[in-house]
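Source file input.csv; content: CSV, C-alpha atoms.
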chain,number,residue,atom,x,y,z
A,1,MET,CA,111.5,113.7,54.5
A,2,LYS,CA,113.5,110.6,55.4
A,3,ILE,CA,116.6,111.5,57.4
A,4,ARG,CA,119.0,108.9,58.8
A,5,HIS,CA,120.1,110.9,61.8
A,6,LEU,CA,116.9,110.7,63.9
A,7,PHE,CA,115.0,107.9,62.3
A,8,VAL,CA,115.9,105.1,64.7
A,9,PHE,CA,117.5,105.2,68.1
A,10,MET,CA,119.1,101.9,68.8
A,11,SER,CA,122.7,100.8,68.4
A,12,ALA,CA,124.8,102.1,65.5
A,13,LEU,CA,125.0,98.6,64.1
A,14,LEU,CA,121.3,98.1,64.0
A,15,VAL,CA,120.7,101.5,62.6
A,16,ALA,CA,122.5,100.2,59.5
A,17,GLY,CA,119.7,97.7,59.1
A,18,CYS,CA,116.8,100.1,59.6
A,19,GLY,CA,117.4,103.8,59.7
A,20,THR,CA,120.0,104.3,57.0
A,21,GLN,CA,118.7,104.9,53.5
A,22,PRO,CA,119.2,107.3,50.6
A,23,ILE,CA,117.6,110.7,51.4
A,24,GLU,CA,114.6,111.3,49.3
A,25,PRO,CA,114.5,115.0,48.2
A,26,ALA,CA,111.5,116.9,49.5
A,27,SER,CA,110.5,117.7,45.9
A,28,GLN,CA,109.7,114.1,45.5
A,29,ARG,CA,107.5,113.9,48.5
A,30,THR,CA,105.1,116.8,48.2
A,31,GLN,CA,102.8,117.7,45.4
A,32,SER,CA,102.0,121.3,44.5
A,33,THR,CA,99.6,123.0,42.2
A,34,THR,CA,102.1,125.8,41.6
A,35,SER,CA,105.0,125.8,39.2
A,36,ASP,CA,108.4,124.8,40.5
A,37,THR,CA,110.4,127.8,39.4
A,38,ASP,CA,112.9,129.8,41.5
A,39,ASP,CA,110.4,132.7,41.5
A,40,ASP,CA,107.6,130.5,43.0
A,41,ALA,CA,107.4,130.4,46.8
A,42,ARG,CA,106.7,126.7,47.0
A,43,GLY,CA,109.5,126.0,44.5
A,44,ARG,CA,112.0,128.0,46.5
A,45,ALA,CA,110.9,126.3,49.7
A,46,ARG,CA,111.5,122.9,48.1
A,47,ILE,CA,114.9,123.8,46.7
A,48,HIS,CA,116.1,125.2,50.0
A,49,THR,CA,114.6,122.3,52.0
A,50,ASP,CA,116.6,119.9,49.7
A,51,LEU,CA,119.7,121.9,50.3
A,52,ALA,CA,119.1,121.8,54.1
A,53,VAL,CA,118.8,118.0,53.9
A,54,ASN,CA,122.1,117.8,51.9
A,55,TYR,CA,124.0,119.9,54.4
A,56,LEU,CA,122.5,118.0,57.3
A,57,GLU,CA,123.8,114.8,55.7
A,58,ILE,CA,127.4,116.1,55.7
A,59,ARG,CA,127.0,117.6,59.2
A,60,ASN,CA,127.3,121.2,58.2
A,61,LEU,CA,124.5,122.1,60.6
A,62,GLY,CA,124.9,125.9,60.5
A,63,VAL,CA,124.3,126.1,56.7
A,64,ALA,CA,121.6,123.4,57.0
A,65,LEU,CA,119.8,125.6,59.5
A,66,GLU,CA,120.1,128.7,57.3
A,67,GLU,CA,118.7,126.8,54.3
A,68,ALA,CA,115.8,125.5,56.3
A,69,GLY,CA,115.1,129.0,57.5
A,70,ILE,CA,115.0,130.3,53.9
A,71,ALA,CA,112.6,127.5,53.0
A,72,GLN,CA,110.3,128.4,55.9
A,73,ARG,CA,110.3,132.0,55.0
A,74,SER,CA,109.7,131.3,51.4
A,75,ASP,CA,106.6,129.2,52.1
A,76,PRO,CA,105.4,129.0,55.8
A,77,THR,CA,102.9,126.3,54.8
A,78,TYR,CA,105.6,123.9,53.4
A,79,GLY,CA,105.7,121.2,56.1
A,80,PRO,CA,109.0,119.4,55.1
A,81,ALA,CA,110.9,122.6,55.8
A,82,PHE,CA,109.8,122.4,59.4
A,83,ASN,CA,110.4,118.7,59.6
A,84,VAL,CA,114.1,119.1,58.5
A,85,ALA,CA,114.5,122.1,60.8
A,86,GLY,CA,113.3,119.8,63.7
A,87,LEU,CA,116.0,117.3,62.8
A,88,ILE,CA,118.7,120.0,62.6
A,89,TYR,CA,117.7,121.4,66.0
A,90,SER,CA,117.7,117.9,67.4
A,91,GLU,CA,121.3,117.5,66.2
A,92,LEU,CA,122.1,120.8,67.9
A,93,ARG,CA,120.4,119.6,71.1
A,94,ASP,CA,118.0,122.5,71.1
A,95,ASP,CA,115.0,120.5,72.2
A,96,ARG,CA,112.6,123.4,72.5
A,97,MET,CA,113.2,124.5,68.9
A,98,ALA,CA,113.2,121.0,67.6
A,99,GLU,CA,109.8,120.2,69.1
A,100,GLU,CA,108.4,123.5,68.0
A,101,ASN,CA,109.4,122.7,64.4
A,102,PHE,CA,108.2,119.1,64.5
A,103,ARG,CA,104.9,120.2,65.9
A,104,GLN,CA,104.5,122.8,63.1
A,105,ALA,CA,105.3,120.1,60.5
A,106,VAL,CA,102.5,117.8,61.7
A,107,ARG,CA,100.2,120.8,62.2
A,108,ILE,CA,100.6,121.7,58.6
A,109,ASN,CA,100.1,118.1,57.4
A,110,ALA,CA,98.9,115.6,60.0
A,111,ARG,CA,99.3,112.8,57.5
A,112,ASP,CA,103.0,113.5,56.8
A,113,SER,CA,104.4,110.1,57.7
A,114,ASP,CA,108.1,111.2,57.7
A,115,ALA,CA,107.3,114.1,60.1
A,116,ASN,CA,105.2,111.9,62.3
A,117,ASN,CA,108.0,109.3,62.4
A,118,ASN,CA,110.7,111.8,63.2
A,119,TYR,CA,108.6,113.6,65.9
A,120,GLY,CA,107.8,110.2,67.4
A,121,THR,CA,111.5,109.3,67.5
A,122,PHE,CA,112.3,112.7,69.1
A,123,LEU,CA,109.8,112.0,71.8
A,124,CYS,CA,110.9,108.5,72.5
A,125,GLN,CA,114.5,109.6,72.8
A,126,ARG,CA,113.4,111.9,75.5
A,127,LYS,CA,111.6,109.3,77.6
A,128,ARG,CA,108.1,110.4,76.3
A,129,GLU,CA,107.5,107.0,74.9
A,130,ALA,CA,103.7,106.9,75.1
A,131,GLU,CA,103.5,110.2,73.2
A,132,GLY,CA,106.0,109.0,70.6
A,133,ILE,CA,104.1,105.8,69.9
A,134,LYS,CA,101.0,107.8,68.9
A,135,TYR,CA,103.0,109.6,66.2
A,136,PHE,CA,104.5,106.3,64.9
A,137,MET,CA,100.9,105.0,64.6
A,138,ALA,CA,99.9,108.1,62.8
A,139,ALA,CA,102.8,107.5,60.4
A,140,VAL,CA,101.8,103.9,59.5
A,141,SER,CA,98.1,104.9,59.1
A,142,ASP,CA,99.0,106.6,55.8
A,143,PRO,CA,98.5,103.9,53.1
A,144,LEU,CA,101.0,105.7,50.9
A,145,TYR,CA,103.8,105.5,53.4
A,146,GLN,CA,106.6,103.6,51.7
A,147,THR,CA,108.5,102.4,54.8
A,148,PRO,CA,105.9,101.6,57.6
A,149,ASP,CA,108.3,98.8,58.8
A,150,ARG,CA,110.6,101.4,60.2
A,151,SER,CA,107.9,103.2,62.2
A,152,TYR,CA,106.6,99.9,63.5
A,153,VAL,CA,110.2,99.0,64.7
A,154,ASN,CA,110.4,102.4,66.4
A,155,ALA,CA,107.1,101.9,68.1
A,156,GLY,CA,108.3,98.5,69.2
A,157,VAL,CA,111.4,99.9,70.8
A,158,CYS,CA,109.3,102.5,72.6
A,159,ALA,CA,106.9,99.9,73.8
A,160,ARG,CA,109.7,97.7,75.1
A,161,ARG,CA,111.2,100.6,77.0
A,162,LEU,CA,107.8,101.0,78.7
A,163,GLY,CA,107.8,97.4,79.6
A,164,ASP,CA,104.9,96.5,77.4
A,165,PHE,CA,106.5,93.5,75.8
A,166,ALA,CA,103.4,92.1,74.2
A,167,GLU,CA,102.8,95.3,72.4
A,168,ALA,CA,106.4,95.6,71.4
A,169,GLU,CA,106.4,92.1,69.9
A,170,ASN,CA,103.2,93.0,68.0
A,171,HIS,CA,104.9,96.1,66.5
A,172,PHE,CA,108.0,94.1,65.5
A,173,ARG,CA,105.8,91.4,63.8
A,174,ASN,CA,103.9,94.1,62.0
A,175,ALA,CA,107.2,95.4,60.7
A,176,LEU,CA,108.0,92.0,59.3
A,177,ARG,CA,104.7,91.9,57.5
A,178,PHE,CA,105.8,94.8,55.4
A,179,GLN,CA,109.5,93.9,55.3
A,180,PRO,CA,110.2,90.2,56.1
A,181,ASN,CA,113.9,90.8,56.3
A,182,GLN,CA,113.7,93.8,58.6
A,183,ILE,CA,117.0,93.5,60.5
A,184,GLN,CA,116.0,95.4,63.6
A,185,ALA,CA,112.7,93.6,64.0
A,186,LEU,CA,114.4,90.2,63.7
A,187,TYR,CA,117.0,91.2,66.2
A,188,GLN,CA,114.5,92.6,68.7
A,189,LEU,CA,112.4,89.5,68.5
A,190,ALA,CA,115.5,87.3,69.0
A,191,ASP,CA,116.6,89.5,71.9
A,192,MET,CA,113.2,89.4,73.6
A,193,ALA,CA,113.0,85.6,73.1
A,194,TYR,CA,116.4,85.3,74.8
A,195,ALA,CA,115.3,87.5,77.7
A,196,ARG,CA,112.4,85.1,78.2
A,197,ALA,CA,114.8,82.1,78.1
A,198,ASN,CA,113.2,80.9,74.9
A,199,TYR,CA,116.6,80.2,73.3
A,200,ALA,CA,115.2,78.0,70.5
A,201,GLU,CA,113.0,80.9,69.4
A,202,ALA,CA,115.9,83.3,69.6
A,203,ARG,CA,117.9,81.0,67.4
A,204,VAL,CA,115.1,80.9,64.8
A,205,GLN,CA,115.0,84.6,64.5
A,206,LEU,CA,118.8,84.9,64.5
A,207,GLN,CA,119.1,82.4,61.7
A,208,ARG,CA,116.7,84.6,59.6
A,209,LEU,CA,119.2,87.4,60.1
A,210,ILE,CA,122.2,85.6,58.6
A,211,PRO,CA,121.3,86.0,54.9
A,212,VAL,CA,120.3,89.7,55.3
A,213,SER,CA,122.9,91.1,57.8
A,214,ALA,CA,126.6,91.6,57.1
A,215,GLY,CA,127.2,91.0,60.8
A,216,SER,CA,127.8,93.3,63.8
A,217,PRO,CA,129.1,92.9,67.3
A,218,GLU,CA,125.6,93.1,68.7
A,219,ILE,CA,124.2,90.4,66.5
A,220,LEU,CA,127.2,88.1,66.8
A,221,TRP,CA,127.1,88.5,70.6
A,222,LEU,CA,123.5,87.5,70.8
A,223,MET,CA,124.2,84.6,68.5
A,224,ILE,CA,127.1,83.5,70.7
A,225,ARG,CA,125.1,83.7,73.9
A,226,THR,CA,122.2,81.9,72.3
A,227,GLU,CA,124.4,79.0,71.0
A,228,ARG,CA,126.1,78.8,74.4
A,229,ARG,CA,122.7,78.2,76.0
A,230,LEU,CA,121.8,75.6,73.4
A,231,GLY,CA,125.2,73.9,73.4
A,232,GLY,CA,126.2,75.1,69.9
A,233,GLY,CA,129.6,73.5,69.8
A,234,ASN,CA,131.4,74.2,66.5
A,235,SER,CA,129.0,77.0,65.7
A,236,LEU,CA,129.8,78.7,69.0
A,237,ASP,CA,133.6,78.5,68.2
A,238,SER,CA,133.0,79.9,64.7
A,239,LEU,CA,130.9,82.8,66.0
A,240,SER,CA,133.4,83.6,68.7
A,241,HIS,CA,136.2,83.7,66.2
A,242,GLN,CA,134.2,86.1,64.0
A,243,LEU,CA,133.6,88.4,66.8
A,244,ARG,CA,137.2,88.5,67.9
A,245,SER,CA,138.5,88.9,64.4
A,246,ASN,CA,136.0,91.4,63.0
A,247,PHE,CA,135.3,93.5,66.1
A,248,PRO,CA,138.4,93.1,68.4
A,249,ASN,CA,137.9,96.4,70.1
A,250,SER,CA,134.1,96.1,70.7
A,251,GLN,CA,132.6,95.8,74.2
A,252,GLU,CA,131.2,92.5,73.1
A,253,ALA,CA,134.6,91.0,72.2
A,254,GLN,CA,135.9,92.2,75.6
A,255,ALA,CA,133.0,90.6,77.4
A,256,LEU,CA,133.6,87.4,75.5
A,257,SER,CA,137.3,87.4,76.5
A,258,ALA,CA,136.3,88.0,80.2
A,259,GLY,CA,133.6,85.3,80.1
A,260,ARG,CA,130.8,87.8,80.9
A,261,PHE,CA,127.9,86.3,79.0
A,262,GLU,CA,125.1,88.0,81.0

Written form, structure tokens:
Amino acid sequence: MKIRHLFVFMSALLVAGCGTQPIEPASQRTQSTTSDTDDDARGRARIHTDLAVNYLEIRNLGVALEEAGIAQRSDPTYGPAFNVAGLIYSELRDDRMAEENFRQAVRINARDSDANNNYGTFLCQRKREAEGIKYFMAAVSDPLYQTPDRSYVNAGVCARRLGDFAEAENHFRNALRFQPNQIQALYQLADMAYARANYAEARVQLQRLIPVSAGSPEILWLMIRTERRLGGGNSLDSLSHQLRSNFPNSQEAQALSAGRFE
């Protein structure tokens, strides 16, 4: 179950590059040996799980939770119903119930990459990074997982929060092996290079972002700061104009106007 709300936990701009994606109905993710009719328990669980996802997407959390509950009662062995319930409870800030449902989802199917990824994100958001990384690694261990780059990015963000920069960089580079234009991985590598004062490397990674990113205040701001360090001249002026014109109310534009580059 791929859900945009909890998948990645960086800035809203960067989520657009990594976390957002069309929701894949649960019925496309799980195989069953039973018929998919309304009278069949597994079929009912699938249908109501899909409905829960749809209501979660439009932020109708009450109805989403009702649908997830119906799915769970229809078939208590259907893991995606617990996965989506975990996401809903996370949105409701009920951490106890969110964790209980995520745990049940991975207990039912320890190889469910979506559930592992979502549970890992939940843990990292709550400063339980080391635990979260284990679930991201469980997600990418499934050879059928369609988006391992996203879990590698999430693991990299967690590792960076722990101060393990070598491991973080390793995760980001693994993400690029699966998706060479992975926006968050490129941004993170550029940001880490800038933090190490390796401005030339930061520029290399940022230049790789230009063809694949529509632009954002965060990316433009890192570009501006990098070019300033490298004496970018005309490119610096152009980037500054883009930031002021496209994101005039952003914190980054305000920092630029105030000359606060660090």

Excluding same-chain residues fewer than 2 positions from A:Gln205, what lies within 7 Å of it counting all atoms listed in the file, as a PyMOL selection string?
chain A and resi 186+189-190+201-203+207-209

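Between A:Arg126 and the candidates A:Gln104, A:Arg161, A:Arg111, A:Pro76, the tightest atom-to-atom separation, counting all atoms listed in the file, involves A:Arg161.
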
Among listed residues A:Ser245, A:Val140, A:Ala130, A:Asp94, nearest A:Asn116 (using only C-alpha atoms):
A:Val140

With all atoms listed in the file as the counted atoms, please give the residues lying no more than 12 Å from A:Gln179, apart from itself and same-chain residues fewer than 4 positions off, as a VMD selection string.
chain A and resid 17 to 18 146 to 153 172 to 175 183 to 186 212

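As for atom CA of A:Asp191 and atom CA of A:Phe261, they are spaced 13.7 Å apart.
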
Test item: residues at most 12 Å from A:Val63, all atoms listed in the file, excluding those fewer than 2 positions along its chain, as a count of residues only
21

Mind checking which residues fall within 10 Å of A:Thr77, counting all atoms listed in the file, ignoring those fewer than 2 positions away in the same chain, and posting them as a PyMOL selection string?
chain A and resi 42+45+71-75+79-82+104-105+107-109

Atom CA of A:Cys158 sits from atom CA of A:Asp95 at a separation of 18.9 Å

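Minimum atom-to-atom distances from A:Ala168, A:Thr226, A:Leu176, A:Ser113 to A:Asn198 were compared using all atoms listed in the file, and the lowest value belongs to A:Thr226.
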
Could you give me, as a PyMOL selection string, the residues within 12 Å of A:Asp164, counting all atoms listed in the file and dropping anything in the same chain fewer than 6 positions from it?
chain A and resi 129-130+133+155-158+170-171+192

A:Val106, A:Ala159, A:Leu206, A:Met97 ranked by distance to A:Tyr135, top pick (using only C-alpha atoms):
A:Val106

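We find atom CA of A:Arg96 and atom CA of A:Asn117 to be spaced 17.9 Å apart.
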
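Counting all atoms listed in the file and comparing A:Pro211, A:Phe165, A:Ala98, A:Gly231, the residue that lies closest to A:Arg196 is A:Phe165.
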
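The smallest atom-to-atom distance between A:Leu123 and any of A:Gln254, A:Asp142, A:Ala193, A:Phe102, using all atoms listed in the file, is found for A:Phe102.
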
Write out N, CA and C atoms for stretch 72-105 of chain A, as a CSV table (one decimal), in the coordinates of the input.
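See out.csv below for the written result:
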chain,number,residue,atom,x,y,z
A,72,GLN,N,111.5,128.0,55.1
A,72,GLN,CA,110.3,128.4,55.9
A,72,GLN,C,109.8,129.7,55.5
A,73,ARG,N,110.7,130.7,55.4
A,73,ARG,CA,110.3,132.0,55.0
A,73,ARG,C,109.7,132.1,53.6
A,74,SER,N,110.2,131.3,52.7
A,74,SER,CA,109.7,131.3,51.4
A,74,SER,C,108.2,130.8,51.3
A,75,ASP,N,107.9,129.8,52.1
A,75,ASP,CA,106.6,129.2,52.1
A,75,ASP,C,106.3,128.7,53.5
A,76,PRO,N,105.7,129.5,54.4
A,76,PRO,CA,105.4,129.0,55.8
A,76,PRO,C,104.5,127.9,55.9
A,77,THR,N,103.9,127.4,54.7
A,77,THR,CA,102.9,126.3,54.8
A,77,THR,C,103.6,125.0,54.2
A,78,TYR,N,104.9,125.1,54.0
A,78,TYR,CA,105.6,123.9,53.4
A,78,TYR,C,106.1,123.1,54.6
A,79,GLY,N,105.4,122.0,54.9
A,79,GLY,CA,105.7,121.2,56.1
A,79,GLY,C,107.1,120.6,56.1
A,80,PRO,N,107.6,120.0,55.0
A,80,PRO,CA,109.0,119.4,55.1
A,80,PRO,C,110.1,120.4,55.5
A,81,ALA,N,109.9,121.7,55.3
A,81,ALA,CA,110.9,122.6,55.8
A,81,ALA,C,111.0,122.6,57.3
A,82,PHE,N,109.8,122.5,58.0
A,82,PHE,CA,109.8,122.4,59.4
A,82,PHE,C,110.3,121.1,59.9
A,83,ASN,N,110.0,120.0,59.2
A,83,ASN,CA,110.4,118.7,59.6
A,83,ASN,C,112.0,118.7,59.6
A,84,VAL,N,112.6,119.1,58.5
A,84,VAL,CA,114.1,119.1,58.5
A,84,VAL,C,114.7,120.0,59.5
A,85,ALA,N,114.0,121.2,59.8
A,85,ALA,CA,114.5,122.1,60.8
A,85,ALA,C,114.4,121.4,62.2
A,86,GLY,N,113.4,120.6,62.4
A,86,GLY,CA,113.3,119.8,63.7
A,86,GLY,C,114.5,118.9,63.8
A,87,LEU,N,114.8,118.2,62.7
A,87,LEU,CA,116.0,117.3,62.8
A,87,LEU,C,117.3,118.0,63.0
A,88,ILE,N,117.4,119.2,62.4
A,88,ILE,CA,118.7,120.0,62.6
A,88,ILE,C,118.8,120.4,64.1
A,89,TYR,N,117.7,121.0,64.6
A,89,TYR,CA,117.7,121.4,66.0
A,89,TYR,C,117.9,120.2,67.0
A,90,SER,N,117.4,119.1,66.6
A,90,SER,CA,117.7,117.9,67.4
A,90,SER,C,119.2,117.6,67.5
A,91,GLU,N,119.8,117.7,66.3
A,91,GLU,CA,121.3,117.5,66.2
A,91,GLU,C,122.0,118.5,67.0
A,92,LEU,N,121.5,119.7,67.1
A,92,LEU,CA,122.1,120.8,67.9
A,92,LEU,C,121.7,120.8,69.3
A,93,ARG,N,120.9,119.8,69.7
A,93,ARG,CA,120.4,119.6,71.1
A,93,ARG,C,119.6,120.8,71.6
A,94,ASP,N,118.9,121.4,70.7
A,94,ASP,CA,118.0,122.5,71.1
A,94,ASP,C,116.6,121.9,71.1
A,95,ASP,N,116.2,121.2,72.2
A,95,ASP,CA,115.0,120.5,72.2
A,95,ASP,C,113.7,121.4,72.0
A,96,ARG,N,113.8,122.6,72.6
A,96,ARG,CA,112.6,123.4,72.5
A,96,ARG,C,112.3,123.8,71.0
A,97,MET,N,113.4,124.2,70.3
A,97,MET,CA,113.2,124.5,68.9
A,97,MET,C,112.9,123.3,68.0
A,98,ALA,N,113.5,122.2,68.4
A,98,ALA,CA,113.2,121.0,67.6
A,98,ALA,C,111.8,120.6,67.7
A,99,GLU,N,111.2,120.6,69.0
A,99,GLU,CA,109.8,120.2,69.1
A,99,GLU,C,108.9,121.2,68.5
A,100,GLU,N,109.2,122.5,68.6
A,100,GLU,CA,108.4,123.5,68.0
A,100,GLU,C,108.3,123.3,66.5
A,101,ASN,N,109.4,122.9,65.8
A,101,ASN,CA,109.4,122.7,64.4
A,101,ASN,C,108.7,121.4,64.0
A,102,PHE,N,108.9,120.3,64.8
A,102,PHE,CA,108.2,119.1,64.5
A,102,PHE,C,106.7,119.3,64.6
A,103,ARG,N,106.3,120.0,65.7
A,103,ARG,CA,104.9,120.2,65.9
A,103,ARG,C,104.3,121.0,64.7
A,104,GLN,N,105.0,122.0,64.2
A,104,GLN,CA,104.5,122.8,63.1
A,104,GLN,C,104.4,121.9,61.8
A,105,ALA,N,105.3,121.0,61.7
A,105,ALA,CA,105.3,120.1,60.5
A,105,ALA,C,104.1,119.3,60.5
